[in-house]
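One file, final.cif, is given below (mmCIF, C-alpha atoms).
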```cif
data_work
loop_
_atom_site.label_atom_id
_atom_site.label_comp_id
_atom_site.auth_asym_id
_atom_site.auth_seq_id
_atom_site.Cartn_x
_atom_site.Cartn_y
_atom_site.Cartn_z
CA MET M 598 96.63 -15.23 -46.89
CA VAL M 599 93.01 -15.60 -46.04
CA THR M 600 92.01 -15.89 -42.44
CA ILE M 601 88.63 -17.47 -41.84
CA GLU M 602 87.05 -17.68 -38.48
CA GLU M 603 84.00 -19.83 -38.04
CA THR M 604 81.87 -20.03 -34.97
CA GLU M 605 78.91 -22.32 -34.64
CA TYR M 606 76.28 -21.99 -31.98
CA ASN M 607 73.86 -24.77 -31.30
CA ILE M 608 71.02 -24.13 -28.95
CA ARG M 609 68.86 -26.99 -27.87
CA ILE M 610 65.28 -25.87 -27.74
CA GLU M 611 62.59 -28.21 -26.45
CA ILE M 612 58.98 -27.62 -27.35
CA VAL M 613 56.40 -28.95 -24.93
CA LYS M 614 52.85 -28.91 -26.20
CA VAL M 615 50.09 -29.22 -23.62
CA ARG M 616 46.84 -30.59 -24.99
CA SER M 617 44.87 -31.17 -21.81
CA ALA M 618 43.63 -29.19 -18.83
CA ILE M 619 46.34 -28.29 -16.33
CA ASP M 620 45.06 -28.46 -12.77
CA PRO M 621 46.35 -29.87 -9.47
CA TYR M 622 45.52 -33.39 -10.68
CA SER M 623 47.46 -33.15 -13.93
CA SER M 624 50.09 -30.51 -13.20
CA PRO M 625 52.53 -32.91 -11.45
CA ILE M 626 52.89 -34.74 -14.76
CA LEU M 627 53.79 -31.51 -16.56
CA ARG M 628 56.10 -30.48 -13.71
CA ASP M 629 57.95 -33.81 -13.86
CA LYS M 630 58.36 -33.55 -17.62
CA LEU M 631 59.74 -30.01 -17.46
CA MET M 632 62.02 -30.70 -14.50
CA LYS M 633 63.48 -33.77 -16.22
CA LEU M 634 64.30 -31.66 -19.26
CA ILE M 635 65.90 -28.96 -17.12
CA ASP M 636 67.86 -31.61 -15.19
CA GLN M 637 69.19 -32.69 -18.61
CA GLU M 638 70.41 -29.10 -19.03
CA VAL M 639 67.68 -28.07 -21.41
CA ILE M 640 67.24 -24.42 -20.48
CA CYS M 641 65.48 -23.12 -23.58
CA LEU M 642 61.88 -24.23 -23.41
CA ILE M 643 58.87 -23.34 -25.47
CA ILE M 644 55.63 -24.32 -23.80
CA ASP M 645 52.91 -24.40 -26.41
CA LEU M 646 49.55 -23.68 -24.79
CA THR M 647 47.69 -23.33 -28.09
CA GLU M 648 45.55 -26.39 -27.43
CA THR M 649 45.43 -26.15 -23.65
CA PRO M 650 41.71 -25.95 -22.88
CA PHE M 651 42.00 -24.94 -19.22
CA MET M 652 44.70 -23.89 -16.77
CA ASP M 653 44.39 -22.91 -13.13
CA SER M 654 46.90 -21.47 -10.67
CA ALA M 655 48.47 -24.91 -10.14
CA GLY M 656 49.37 -24.95 -13.82
CA MET M 657 50.65 -21.40 -13.62
CA ALA M 658 52.87 -22.39 -10.69
CA VAL M 659 54.50 -25.06 -12.85
CA LEU M 660 55.25 -22.48 -15.53
CA VAL M 661 56.86 -20.17 -12.97
CA THR M 662 59.01 -22.96 -11.52
CA ALA M 663 60.27 -23.82 -14.99
CA LEU M 664 60.89 -20.16 -15.79
CA LYS M 665 62.95 -19.59 -12.66
CA ARG M 666 65.06 -22.68 -13.17
CA CYS M 667 65.70 -21.98 -16.84
CA ARG M 668 66.64 -18.36 -16.19
CA GLN M 669 68.97 -19.43 -13.37
CA GLY M 670 70.81 -21.47 -15.96
CA GLY M 671 70.92 -18.62 -18.45
CA GLY M 672 67.99 -19.82 -20.52
CA ASN M 673 64.34 -18.92 -20.73
CA VAL M 674 60.80 -20.20 -21.07
CA LYS M 675 58.72 -18.82 -23.89
CA LEU M 676 54.98 -19.36 -24.00
CA VAL M 677 52.70 -19.71 -26.99
CA TRP M 678 49.31 -18.15 -26.32
CA PRO M 679 46.40 -20.49 -25.66
CA LYS M 680 43.72 -20.46 -28.33
CA VAL M 681 41.01 -20.18 -25.67
CA GLU M 682 40.39 -16.46 -25.20
CA ALA M 683 39.34 -16.78 -21.55
CA ALA M 684 42.65 -18.49 -20.79
CA GLN M 685 44.47 -15.65 -22.54
CA ARG M 686 42.66 -13.17 -20.30
CA ILE M 687 43.86 -14.98 -17.16
CA LEU M 688 47.46 -14.73 -18.32
CA LYS M 689 46.90 -11.00 -18.80
CA LEU M 690 45.04 -10.59 -15.51
CA THR M 691 47.95 -12.10 -13.60
CA ARG M 692 50.43 -10.24 -15.84
CA PHE M 693 52.08 -13.46 -16.85
CA ASP M 694 52.20 -11.93 -20.31
CA GLN M 695 54.62 -9.34 -18.88
CA VAL M 696 56.82 -11.90 -17.12
CA PHE M 697 57.02 -14.48 -19.89
CA ASP M 698 57.93 -13.87 -23.52
CA MET M 699 54.65 -14.58 -25.31
CA PHE M 700 54.24 -15.65 -28.93
CA ASP M 701 51.42 -16.42 -31.30
CA THR M 702 53.16 -19.46 -32.75
CA VAL M 703 55.96 -21.87 -31.94
CA ASP M 704 57.78 -20.73 -35.07
CA ALA M 705 57.76 -17.12 -33.86
CA ALA M 706 59.23 -18.21 -30.51
CA ILE M 707 61.99 -20.21 -32.25
CA GLU M 708 62.71 -17.30 -34.56
CA GLN M 709 63.35 -14.98 -31.62
CA TRP M 710 65.95 -17.38 -30.25
CA ARG M 711 67.52 -17.61 -33.70
CA LYS M 712 67.85 -13.81 -33.84
CA ALA M 713 69.21 -13.49 -30.28
CA MET H 353 12.93 -19.51 -10.39
CA THR H 354 16.08 -21.11 -8.98
CA GLN H 355 17.57 -24.29 -10.32
CA PHE H 356 19.87 -26.29 -8.08
CA ILE H 357 22.57 -28.86 -8.63
CA VAL H 358 24.14 -30.31 -5.49
CA LEU H 359 27.46 -32.17 -5.47
CA ASP H 360 29.00 -33.99 -2.53
CA LEU H 361 32.65 -34.48 -3.39
CA PRO H 362 35.61 -36.15 -1.68
CA ALA H 363 38.56 -33.85 -1.07
CA SER H 364 40.36 -35.11 -4.14
CA TYR H 365 41.88 -33.28 -7.09
CA LYS H 366 40.50 -36.02 -9.30
CA MET H 367 37.02 -34.60 -8.69
CA LEU H 368 37.82 -31.15 -10.07
CA GLY H 369 36.82 -32.25 -13.54
CA VAL H 370 33.39 -33.21 -12.20
CA LEU H 371 33.03 -29.74 -10.71
CA ARG H 372 33.96 -28.08 -14.00
CA ALA H 373 31.62 -30.29 -15.98
CA CYS H 374 28.75 -29.58 -13.62
CA ILE H 375 29.19 -25.82 -13.97
CA ALA H 376 29.42 -26.08 -17.75
CA GLU H 377 26.22 -28.14 -17.87
CA ALA H 378 24.38 -25.69 -15.62
CA LEU H 379 25.38 -22.69 -17.73
CA SER H 380 24.55 -24.52 -20.96
CA THR H 381 20.90 -24.40 -19.90
CA VAL H 382 20.90 -20.58 -19.82
CA PRO H 383 19.32 -19.34 -23.05
CA ASN H 384 21.06 -16.59 -25.02
CA LEU H 385 23.90 -16.23 -22.53
CA THR H 386 26.21 -13.40 -23.60
CA ASP H 387 29.89 -14.31 -23.79
CA GLY H 388 28.97 -17.82 -22.67
CA ASP H 389 32.35 -19.44 -23.26
CA ALA H 390 34.22 -16.83 -21.21
CA ILE H 391 31.61 -16.83 -18.42
CA THR H 392 31.75 -20.61 -18.22
CA TYR H 393 35.55 -20.65 -18.11
CA ASN H 394 35.71 -17.92 -15.48
CA VAL H 395 33.14 -19.52 -13.18
CA GLN H 396 34.79 -22.94 -13.59
CA LEU H 397 38.19 -21.47 -12.77
CA SER H 398 36.94 -19.51 -9.77
CA ALA H 399 35.07 -22.47 -8.32
CA GLN H 400 38.07 -24.70 -8.89
CA GLU H 401 40.44 -22.29 -7.16
CA ILE H 402 38.19 -22.24 -4.09
CA ALA H 403 37.80 -26.02 -4.17
CA VAL H 404 41.57 -26.41 -4.26
CA ASN H 405 41.81 -23.97 -1.37
CA ILE H 406 39.41 -26.18 0.61
CA ILE H 407 41.42 -29.31 -0.17
CA GLU H 408 44.81 -27.75 0.55
CA HIS H 409 44.02 -25.53 3.53
CA ALA H 410 40.77 -26.66 5.15
CA TYR H 411 41.66 -30.35 4.83
CA GLU H 412 45.47 -29.97 4.60
CA GLY H 413 45.68 -32.06 1.46
CA GLU H 414 43.83 -34.69 -0.48
CA THR H 415 41.86 -37.21 1.49
CA ASN H 416 38.95 -39.42 0.57
CA ASP H 417 37.77 -39.34 4.19
CA LYS H 418 36.78 -35.68 4.02
CA ARG H 419 34.15 -34.22 1.75
CA PHE H 420 32.86 -30.84 0.67
CA SER H 421 29.56 -29.88 -0.86
CA VAL H 422 28.96 -27.68 -3.86
CA THR H 423 25.55 -26.20 -4.66
CA VAL H 424 25.23 -24.63 -8.08
CA SER H 425 22.19 -22.40 -8.49
CA LEU H 426 20.84 -20.39 -11.38
CA THR H 427 18.61 -17.52 -10.37
CA ASP H 428 16.36 -15.33 -12.49
CA GLU H 429 16.31 -12.15 -10.43
CA PRO H 430 19.02 -11.16 -10.59
CA ARG H 431 20.03 -13.46 -13.39
CA ALA H 432 23.10 -15.09 -11.92
CA ILE H 433 24.94 -18.28 -11.16
CA ILE H 434 25.65 -18.87 -7.49
CA ILE H 435 28.18 -21.39 -6.21
CA ASP H 436 27.97 -22.30 -2.54
CA MET H 437 30.78 -24.53 -1.21
CA ARG H 438 30.88 -25.92 2.31
CA ASP H 439 33.54 -27.84 4.16
CA THR H 440 34.15 -28.93 7.74
CA GLY H 441 37.89 -28.36 7.81
CA ASN H 442 40.16 -25.68 9.23
CA THR H 443 38.90 -22.12 9.15
CA PHE H 444 40.46 -19.68 6.74
CA ASP H 445 41.36 -16.02 7.08
CA PRO H 446 41.03 -14.41 3.64
CA GLY H 447 42.36 -11.15 5.10
CA ALA H 448 45.65 -12.86 5.90
CA ILE H 449 46.25 -13.61 2.23
CA PRO H 450 47.85 -10.63 0.51
CA ALA H 451 47.10 -9.93 -3.13
CA PRO H 452 49.96 -11.22 -5.26
CA ASP H 453 52.59 -8.74 -6.42
CA LEU H 454 51.84 -8.78 -10.13
CA ASN H 455 55.19 -7.27 -11.03
CA GLU H 456 56.77 -10.66 -10.42
CA ALA H 457 55.69 -14.21 -11.17
CA HIS H 458 55.03 -16.38 -8.14
CA GLU H 459 54.54 -20.09 -7.62
CA GLY H 460 51.45 -19.56 -5.50
CA GLY H 461 49.02 -17.05 -4.11
CA TYR H 462 46.89 -16.47 -7.20
CA GLY H 463 43.88 -18.65 -6.42
CA LEU H 464 41.79 -16.33 -4.28
CA PHE H 465 42.90 -13.31 -6.30
CA ILE H 466 41.69 -14.92 -9.52
CA ALA H 467 38.32 -15.86 -8.01
CA GLN H 468 37.83 -12.36 -6.62
CA GLN H 469 38.69 -10.79 -9.96
CA LEU H 470 36.46 -13.04 -12.04
CA MET H 471 33.37 -13.26 -9.86
CA ASP H 472 31.04 -10.46 -8.78
CA LYS H 473 31.04 -11.77 -5.24
CA VAL H 474 33.32 -14.08 -3.24
CA GLN H 475 32.33 -14.29 0.39
CA TYR H 476 33.78 -16.54 3.07
CA THR H 477 32.01 -17.31 6.35
CA ALA H 478 33.26 -19.45 9.20
CA ALA H 479 30.10 -20.89 10.77
CA ALA H 480 30.00 -22.91 13.98
CA ASP H 481 30.16 -26.30 12.28
CA HIS H 482 31.31 -25.55 8.75
CA ASN H 483 33.02 -23.08 6.44
CA GLU H 484 31.11 -21.54 3.58
CA TRP H 485 32.32 -19.98 0.35
CA LEU H 486 29.59 -18.12 -1.53
CA MET H 487 30.33 -16.92 -5.05
CA GLU H 488 28.10 -15.13 -7.49
CA LYS H 489 28.44 -14.15 -11.13
CA LYS H 490 25.78 -12.09 -12.85
CA LEU H 491 24.73 -13.34 -16.25
CA LEU H 492 23.95 -11.09 -19.20
CA TRP H 493 21.81 -11.87 -22.20
#
```

Could you render the structure from this file as C-alpha coordinates?
Amino acid sequence: MVTIEETEYNIRIEIVKVRSAIDPYSSPILRDKLMKLIDQEVICLIIDLTETPFMDSAGMAVLVTALKRCRQGGGNVKLVWPKVEAAQRILKLTRFDQVFDMFDTVDAAIEQWRKA
Amino acid sequence: MTQFIVLDLPASYKMLGVLRACIAEALSTVPNLTDGDAITYNVQLSAQEIAVNIIEHAYEGETNDKRFSVTVSLTDEPRAIIIDMRDTGNTFDPGAIPAPDLNEAHEGGYGLFIAQQLMDKVQYTAAADHNEWLMEKKLLW
(Lines of atoms letter the chains of each structure in order from A and count residues from 1; the text may use other names and numbers.)
(Lines give C-alpha, C1' and ligand atoms only; values in the text may rest on other atoms or scores of the structure.)
Protein backbone atom coordinates (compact mmCIF):
# COMPACT_ATOMS: atom_id res chain seq x y z
CA MET A 1 0.00 0.00 0.00
CA VAL A 2 1.29 3.38 -0.93
CA THR A 3 0.49 6.31 1.25
CA ILE A 4 0.76 9.68 -0.43
CA GLU A 5 0.38 12.90 1.40
CA GLU A 6 0.07 16.08 -0.57
CA THR A 7 0.07 19.55 0.84
CA GLU A 8 -0.36 22.64 -1.26
CA TYR A 9 0.44 26.11 -0.08
CA ASN A 10 -0.76 29.12 -1.96
CA ILE A 11 0.49 32.48 -0.93
CA ARG A 12 -1.03 35.55 -2.45
CA ILE A 13 1.66 38.08 -3.13
CA GLU A 14 0.76 41.53 -4.42
CA ILE A 15 3.36 43.62 -6.18
CA VAL A 16 2.88 47.37 -6.03
CA LYS A 17 5.11 49.35 -8.34
CA VAL A 18 5.48 53.05 -7.61
CA ARG A 19 6.46 55.13 -10.62
CA SER A 20 6.03 58.65 -9.27
CA ALA A 21 7.36 60.78 -6.44
CA ILE A 22 5.94 59.91 -3.03
CA ASP A 23 5.37 62.99 -0.92
CA PRO A 24 2.58 64.29 1.33
CA TYR A 25 0.54 65.19 -1.76
CA SER A 26 0.72 61.75 -3.36
CA SER A 27 1.28 59.43 -0.40
CA PRO A 28 -2.43 59.22 0.59
CA ILE A 29 -3.07 57.52 -2.75
CA LEU A 30 -0.39 54.92 -2.05
CA ARG A 31 -1.61 54.51 1.53
CA ASP A 32 -5.19 53.90 0.37
CA LYS A 33 -4.04 51.33 -2.18
CA LEU A 34 -1.95 49.41 0.34
CA MET A 35 -4.57 49.56 3.09
CA LYS A 36 -7.27 48.27 0.71
CA LEU A 37 -5.06 45.31 -0.15
CA ILE A 38 -4.36 44.58 3.51
CA ASP A 39 -8.08 44.91 4.31
CA GLN A 40 -8.59 42.20 1.67
CA GLU A 41 -6.20 40.04 3.72
CA VAL A 42 -3.25 40.48 1.41
CA ILE A 43 -0.38 40.38 3.88
CA CYS A 44 2.51 39.58 1.55
CA LEU A 45 3.41 42.75 -0.29
CA ILE A 46 6.29 43.64 -2.54
CA ILE A 47 6.65 47.36 -3.03
CA ASP A 48 8.76 47.97 -6.09
CA LEU A 49 10.57 51.29 -5.76
CA THR A 50 12.80 50.72 -8.79
CA GLU A 51 11.23 53.58 -10.73
CA THR A 52 10.35 55.79 -7.79
CA PRO A 53 12.17 59.05 -8.53
CA PHE A 54 11.73 60.66 -5.11
CA MET A 55 10.45 59.72 -1.67
CA ASP A 56 10.29 61.80 1.49
CA SER A 57 9.42 60.90 5.08
CA ALA A 58 5.69 60.93 4.26
CA GLY A 59 6.31 58.12 1.80
CA MET A 60 8.45 56.29 4.31
CA ALA A 61 5.63 56.54 6.86
CA VAL A 62 3.31 54.77 4.44
CA LEU A 63 5.81 51.94 4.06
CA VAL A 64 6.07 51.56 7.83
CA THR A 65 2.29 51.50 8.28
CA ALA A 66 2.00 48.75 5.68
CA LEU A 67 4.87 46.82 7.25
CA LYS A 68 3.33 46.90 10.72
CA ARG A 69 -0.08 45.81 9.50
CA CYS A 70 1.27 43.00 7.34
CA ARG A 71 3.51 41.67 10.11
CA GLN A 72 0.60 41.81 12.57
CA GLY A 73 -1.20 39.44 10.23
CA GLY A 74 1.79 37.15 9.90
CA GLY A 75 2.95 38.53 6.57
CA ASN A 76 5.61 40.97 5.50
CA VAL A 77 6.49 43.84 3.20
CA LYS A 78 9.52 43.44 1.00
CA LEU A 79 11.03 46.40 -0.80
CA VAL A 80 12.82 46.52 -4.12
CA TRP A 81 15.61 49.10 -4.09
CA PRO A 82 15.01 52.35 -5.95
CA LYS A 83 17.21 52.86 -8.98
CA VAL A 84 18.02 56.41 -7.85
CA GLU A 85 21.19 56.15 -5.76
CA ALA A 86 20.35 59.15 -3.58
CA ALA A 87 17.05 57.51 -2.64
CA GLN A 88 18.94 54.33 -1.76
CA ARG A 89 21.18 56.35 0.56
CA ILE A 90 18.16 57.73 2.43
CA LEU A 91 16.87 54.21 3.07
CA LYS A 92 20.31 53.36 4.46
CA LEU A 93 20.59 56.59 6.46
CA THR A 94 17.30 55.87 8.22
CA ARG A 95 18.21 52.15 8.46
CA PHE A 96 15.08 51.17 6.62
CA ASP A 97 17.31 48.66 4.85
CA GLN A 98 17.71 46.93 8.24
CA VAL A 99 14.00 46.95 9.06
CA PHE A 100 12.67 45.89 5.67
CA ASP A 101 13.79 42.92 3.59
CA MET A 102 15.44 44.60 0.61
CA PHE A 103 15.89 43.11 -2.86
CA ASP A 104 17.43 44.12 -6.14
CA THR A 105 14.54 42.77 -8.18
CA VAL A 106 10.92 41.74 -7.77
CA ASP A 107 11.86 38.21 -8.84
CA ALA A 108 14.40 37.95 -6.02
CA ALA A 109 11.75 39.05 -3.50
CA ILE A 110 9.26 36.47 -4.81
CA GLU A 111 11.93 33.79 -4.74
CA GLN A 112 12.58 34.37 -1.05
CA TRP A 113 8.91 33.81 -0.29
CA ARG A 114 8.97 30.67 -2.42
CA LYS A 115 11.89 29.30 -0.39
CA ALA A 116 10.38 30.23 3.00
CA MET B 1 28.28 86.67 -6.68
CA THR B 2 24.95 85.49 -5.26
CA GLN B 3 22.04 84.43 -7.39
CA PHE B 4 18.58 84.50 -5.86
CA ILE B 5 15.29 82.81 -6.61
CA VAL B 6 12.37 83.80 -4.40
CA LEU B 7 9.17 81.77 -4.09
CA ASP B 8 6.04 82.78 -2.24
CA LEU B 9 4.03 79.60 -1.76
CA PRO B 10 0.66 78.77 -0.21
CA ALA B 11 0.82 76.22 2.60
CA SER B 12 -0.19 73.41 0.29
CA TYR B 13 1.40 70.03 -0.39
CA LYS B 14 0.58 70.56 -4.04
CA MET B 15 3.31 73.20 -4.16
CA LEU B 16 6.09 70.86 -3.07
CA GLY B 17 6.77 69.92 -6.67
CA VAL B 18 7.35 73.59 -7.47
CA LEU B 19 9.87 73.79 -4.65
CA ARG B 20 11.73 70.72 -5.90
CA ALA B 21 11.75 71.97 -9.47
CA CYS B 22 13.08 75.36 -8.40
CA ILE B 23 15.98 73.80 -6.50
CA ALA B 24 16.80 71.50 -9.42
CA GLU B 25 16.82 74.45 -11.83
CA ALA B 26 19.04 76.51 -9.53
CA LEU B 27 21.58 73.71 -9.15
CA SER B 28 21.52 72.97 -12.89
CA THR B 29 23.16 76.36 -13.42
CA VAL B 30 26.20 75.37 -11.34
CA PRO B 31 28.99 74.38 -13.73
CA ASN B 32 30.91 71.16 -13.10
CA LEU B 33 28.99 70.32 -9.95
CA THR B 34 30.41 67.16 -8.37
CA ASP B 35 27.86 64.46 -7.58
CA GLY B 36 25.16 66.76 -8.95
CA ASP B 37 22.30 64.26 -8.95
CA ALA B 38 22.83 63.31 -5.31
CA ILE B 39 23.32 66.92 -4.20
CA THR B 40 20.14 67.96 -5.99
CA TYR B 41 18.14 65.11 -4.46
CA ASN B 42 19.46 65.77 -0.97
CA VAL B 43 18.78 69.51 -1.07
CA GLN B 44 15.32 68.93 -2.55
CA LEU B 45 14.51 66.38 0.15
CA SER B 46 15.81 68.55 2.99
CA ALA B 47 13.94 71.64 1.80
CA GLN B 48 10.80 69.60 1.33
CA GLU B 49 11.00 68.12 4.83
CA ILE B 50 11.25 71.62 6.31
CA ALA B 51 8.44 72.90 4.11
CA VAL B 52 6.23 70.04 5.27
CA ASN B 53 7.18 70.88 8.85
CA ILE B 54 6.04 74.47 8.25
CA ILE B 55 2.73 73.32 6.78
CA GLU B 56 2.03 70.70 9.45
CA HIS B 57 3.32 72.43 12.58
CA ALA B 58 3.58 76.17 11.96
CA TYR B 59 0.26 76.30 10.10
CA GLU B 60 -1.32 73.14 11.59
CA GLY B 61 -2.15 71.72 8.19
CA GLU B 62 -2.73 72.73 4.62
CA THR B 63 -4.35 76.08 4.03
CA ASN B 64 -4.36 78.38 1.05
CA ASP B 65 -4.80 81.36 3.38
CA LYS B 66 -1.29 81.03 4.80
CA ARG B 67 1.92 81.35 2.85
CA PHE B 68 5.62 80.80 3.32
CA SER B 69 8.55 82.20 1.41
CA VAL B 70 11.53 80.32 0.08
CA THR B 71 14.70 82.09 -1.05
CA VAL B 72 17.17 79.92 -2.93
CA SER B 73 20.64 81.43 -3.23
CA LEU B 74 23.82 80.25 -4.87
CA THR B 75 26.97 81.77 -3.44
CA ASP B 76 30.53 81.68 -4.75
CA GLU B 77 32.48 82.05 -1.53
CA PRO B 78 31.94 79.61 -0.08
CA ARG B 79 30.42 77.83 -3.03
CA ALA B 80 27.09 76.76 -1.61
CA ILE B 81 23.36 76.65 -2.02
CA ILE B 82 21.41 78.39 0.72
CA ILE B 83 17.71 77.86 1.32
CA ASP B 84 15.96 80.39 3.54
CA MET B 85 12.33 79.61 4.45
CA ARG B 86 10.09 81.94 6.41
CA ASP B 87 6.62 81.48 7.82
CA THR B 88 4.35 83.38 10.19
CA GLY B 89 2.88 80.39 11.98
CA ASN B 90 3.44 78.74 15.33
CA THR B 91 6.97 78.70 16.68
CA PHE B 92 8.87 75.44 16.74
CA ASP B 93 11.25 73.96 19.28
CA PRO B 94 13.75 71.79 17.40
CA GLY B 95 15.25 70.72 20.73
CA ALA B 96 11.95 69.11 21.70
CA ILE B 97 12.16 66.73 18.75
CA PRO B 98 14.26 63.70 19.64
CA ALA B 99 16.31 61.99 16.97
CA PRO B 100 14.46 58.90 15.77
CA ASP B 101 15.46 55.54 17.21
CA LEU B 102 16.94 53.97 14.09
CA ASN B 103 16.71 50.47 15.50
CA GLU B 104 12.99 50.52 14.77
CA ALA B 105 10.91 51.89 11.91
CA HIS B 106 8.58 54.73 12.80
CA GLU B 107 5.69 56.41 11.04
CA GLY B 108 7.06 59.87 11.74
CA GLY B 109 9.90 61.87 13.20
CA TYR B 110 12.39 61.56 10.35
CA GLY B 111 11.94 64.92 8.63
CA LEU B 112 14.23 67.14 10.68
CA PHE B 113 16.70 64.30 11.17
CA ILE B 114 16.99 63.80 7.42
CA ALA B 115 17.51 67.52 6.77
CA GLN B 116 20.15 67.75 9.49
CA GLN B 117 21.99 64.73 8.12
CA LEU B 118 21.95 65.85 4.50
CA MET B 119 22.69 69.55 4.85
CA ASP B 120 25.81 71.22 6.25
CA LYS B 121 23.68 73.62 8.25
CA VAL B 122 20.04 73.65 9.41
CA GLN B 123 19.28 76.57 11.67
CA TYR B 124 15.92 77.61 13.07
CA THR B 125 15.22 81.07 14.46
CA ALA B 126 11.99 82.34 15.96
CA ALA B 127 11.98 86.07 15.18
CA ALA B 128 9.42 88.55 16.51
CA ASP B 129 7.13 88.36 13.49
CA HIS B 130 8.22 85.24 11.65
CA ASN B 131 10.03 81.92 11.87
CA GLU B 132 13.11 81.31 9.78
CA TRP B 133 14.73 78.09 8.63
CA LEU B 134 18.19 78.60 7.14
CA MET B 135 19.84 75.67 5.39
CA GLU B 136 23.17 75.49 3.64
CA LYS B 137 24.88 72.86 1.53
CA LYS B 138 28.42 73.35 0.30
CA LEU B 139 28.98 72.53 -3.34
CA LEU B 140 32.09 70.81 -4.68
CA TRP B 141 33.47 70.93 -8.18

For atom CA of Gly461 of chain H and atom CA of Ile449 of chain H, the interatomic separation in Å (one decimal):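 Answer for the atom CA of Gly461 of chain H to atom CA of Ile449 of chain H separation: 7.7 Å.
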
Expected selection from the PyMOL selection byres ((chain M) within 6 of (chain H)), given as a count of residues only: 5

Hits from the PyMOL selection byres ((chain M and resi 694) around 12), listed as a PyMOL selection string: (chain M and resi 657+660-661+674-679+684-693+695-701) or (chain H and resi 454-457)

Two-atom distance - atom CA of Met487 of chain H, atom CA of Pro621 of chain M (Å):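 Spanning atom CA of Met487 of chain H to atom CA of Pro621 of chain M is a straight-line distance of 21.1 Å.
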
Distance in Å - atom CA of Ala479 of chain H versus atom CA of Asp439 of chain H: 10.2 Å

Residue contacts of Ile612 of chain M (6 Å, all atoms listed in the file) excluding same-chain residues fewer than 5 positions away, as an MDAnalysis selection string: chainID M and resid 642:644

The PyMOL selection byres ((chain M and resi 628-634) around 9) resolved against shown file, as a list in words: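 Expected selection for the PyMOL selection byres ((chain M and resi 628-634) around 9) here is Glu611, Val613, Ser624, Pro625, Ile626, Leu627, Ile635, Asp636, Gln637, Glu638, Val639, Ile640, Leu642, Gly656, Val659, Leu660, Thr662, Ala663 and Arg666 of chain M.
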
Fill-in result for segment 470-491 of chain H, N, CA and C atoms as a short mmCIF file (atom, residue, chain, number, x, y, z; two decimals), keeping the file's coordinate frame:
```cif
data_model
loop_
_atom_site.label_atom_id
_atom_site.label_comp_id
_atom_site.auth_asym_id
_atom_site.auth_seq_id
_atom_site.Cartn_x
_atom_site.Cartn_y
_atom_site.Cartn_z
N LEU H 470 37.36 -12.52 -11.00
CA LEU H 470 36.46 -13.04 -12.04
C LEU H 470 35.00 -13.07 -11.62
N MET H 471 34.75 -13.16 -10.32
CA MET H 471 33.37 -13.26 -9.86
C MET H 471 32.90 -11.90 -9.35
N ASP H 472 31.58 -11.71 -9.33
CA ASP H 472 31.04 -10.46 -8.78
C ASP H 472 31.06 -10.47 -7.26
N LYS H 473 31.03 -11.68 -6.70
CA LYS H 473 31.04 -11.77 -5.24
C LYS H 473 31.77 -13.05 -4.82
N VAL H 474 32.68 -12.92 -3.86
CA VAL H 474 33.32 -14.08 -3.24
C VAL H 474 33.31 -13.81 -1.74
N GLN H 475 32.51 -14.57 -1.04
CA GLN H 475 32.33 -14.29 0.39
C GLN H 475 32.61 -15.55 1.21
N TYR H 476 33.46 -15.42 2.21
CA TYR H 476 33.78 -16.54 3.07
C TYR H 476 33.16 -16.33 4.44
N THR H 477 32.57 -17.37 5.00
CA THR H 477 32.01 -17.31 6.35
C THR H 477 32.43 -18.55 7.13
N ALA H 478 32.95 -18.33 8.31
CA ALA H 478 33.26 -19.45 9.20
C ALA H 478 32.08 -19.62 10.15
N ALA H 479 31.24 -20.62 9.90
CA ALA H 479 30.10 -20.89 10.77
C ALA H 479 30.55 -21.81 11.89
N ALA H 480 29.63 -22.10 12.80
CA ALA H 480 30.00 -22.91 13.98
C ALA H 480 30.49 -24.30 13.58
N ASP H 481 29.82 -24.91 12.61
CA ASP H 481 30.16 -26.30 12.28
C ASP H 481 30.62 -26.49 10.84
N HIS H 482 30.80 -25.40 10.12
CA HIS H 482 31.31 -25.55 8.75
C HIS H 482 31.85 -24.21 8.25
N ASN H 483 32.58 -24.28 7.16
CA ASN H 483 33.02 -23.08 6.44
C ASN H 483 32.20 -22.97 5.17
N GLU H 484 31.92 -21.73 4.79
CA GLU H 484 31.11 -21.54 3.58
C GLU H 484 31.77 -20.52 2.66
N TRP H 485 31.86 -20.90 1.40
CA TRP H 485 32.32 -19.98 0.35
C TRP H 485 31.13 -19.73 -0.57
N LEU H 486 30.73 -18.47 -0.69
CA LEU H 486 29.59 -18.12 -1.53
C LEU H 486 30.09 -17.23 -2.66
N MET H 487 29.87 -17.68 -3.87
CA MET H 487 30.33 -16.92 -5.05
C MET H 487 29.16 -16.65 -5.97
N GLU H 488 29.19 -15.48 -6.58
CA GLU H 488 28.10 -15.13 -7.49
C GLU H 488 28.65 -14.46 -8.73
N LYS H 489 28.09 -14.82 -9.87
CA LYS H 489 28.44 -14.15 -11.13
C LYS H 489 27.14 -13.79 -11.85
N LYS H 490 26.97 -12.53 -12.12
CA LYS H 490 25.78 -12.09 -12.85
C LYS H 490 25.89 -12.51 -14.31
N LEU H 491 24.76 -12.87 -14.87
CA LEU H 491 24.73 -13.34 -16.25
C LEU H 491 24.00 -12.33 -17.12
#
```
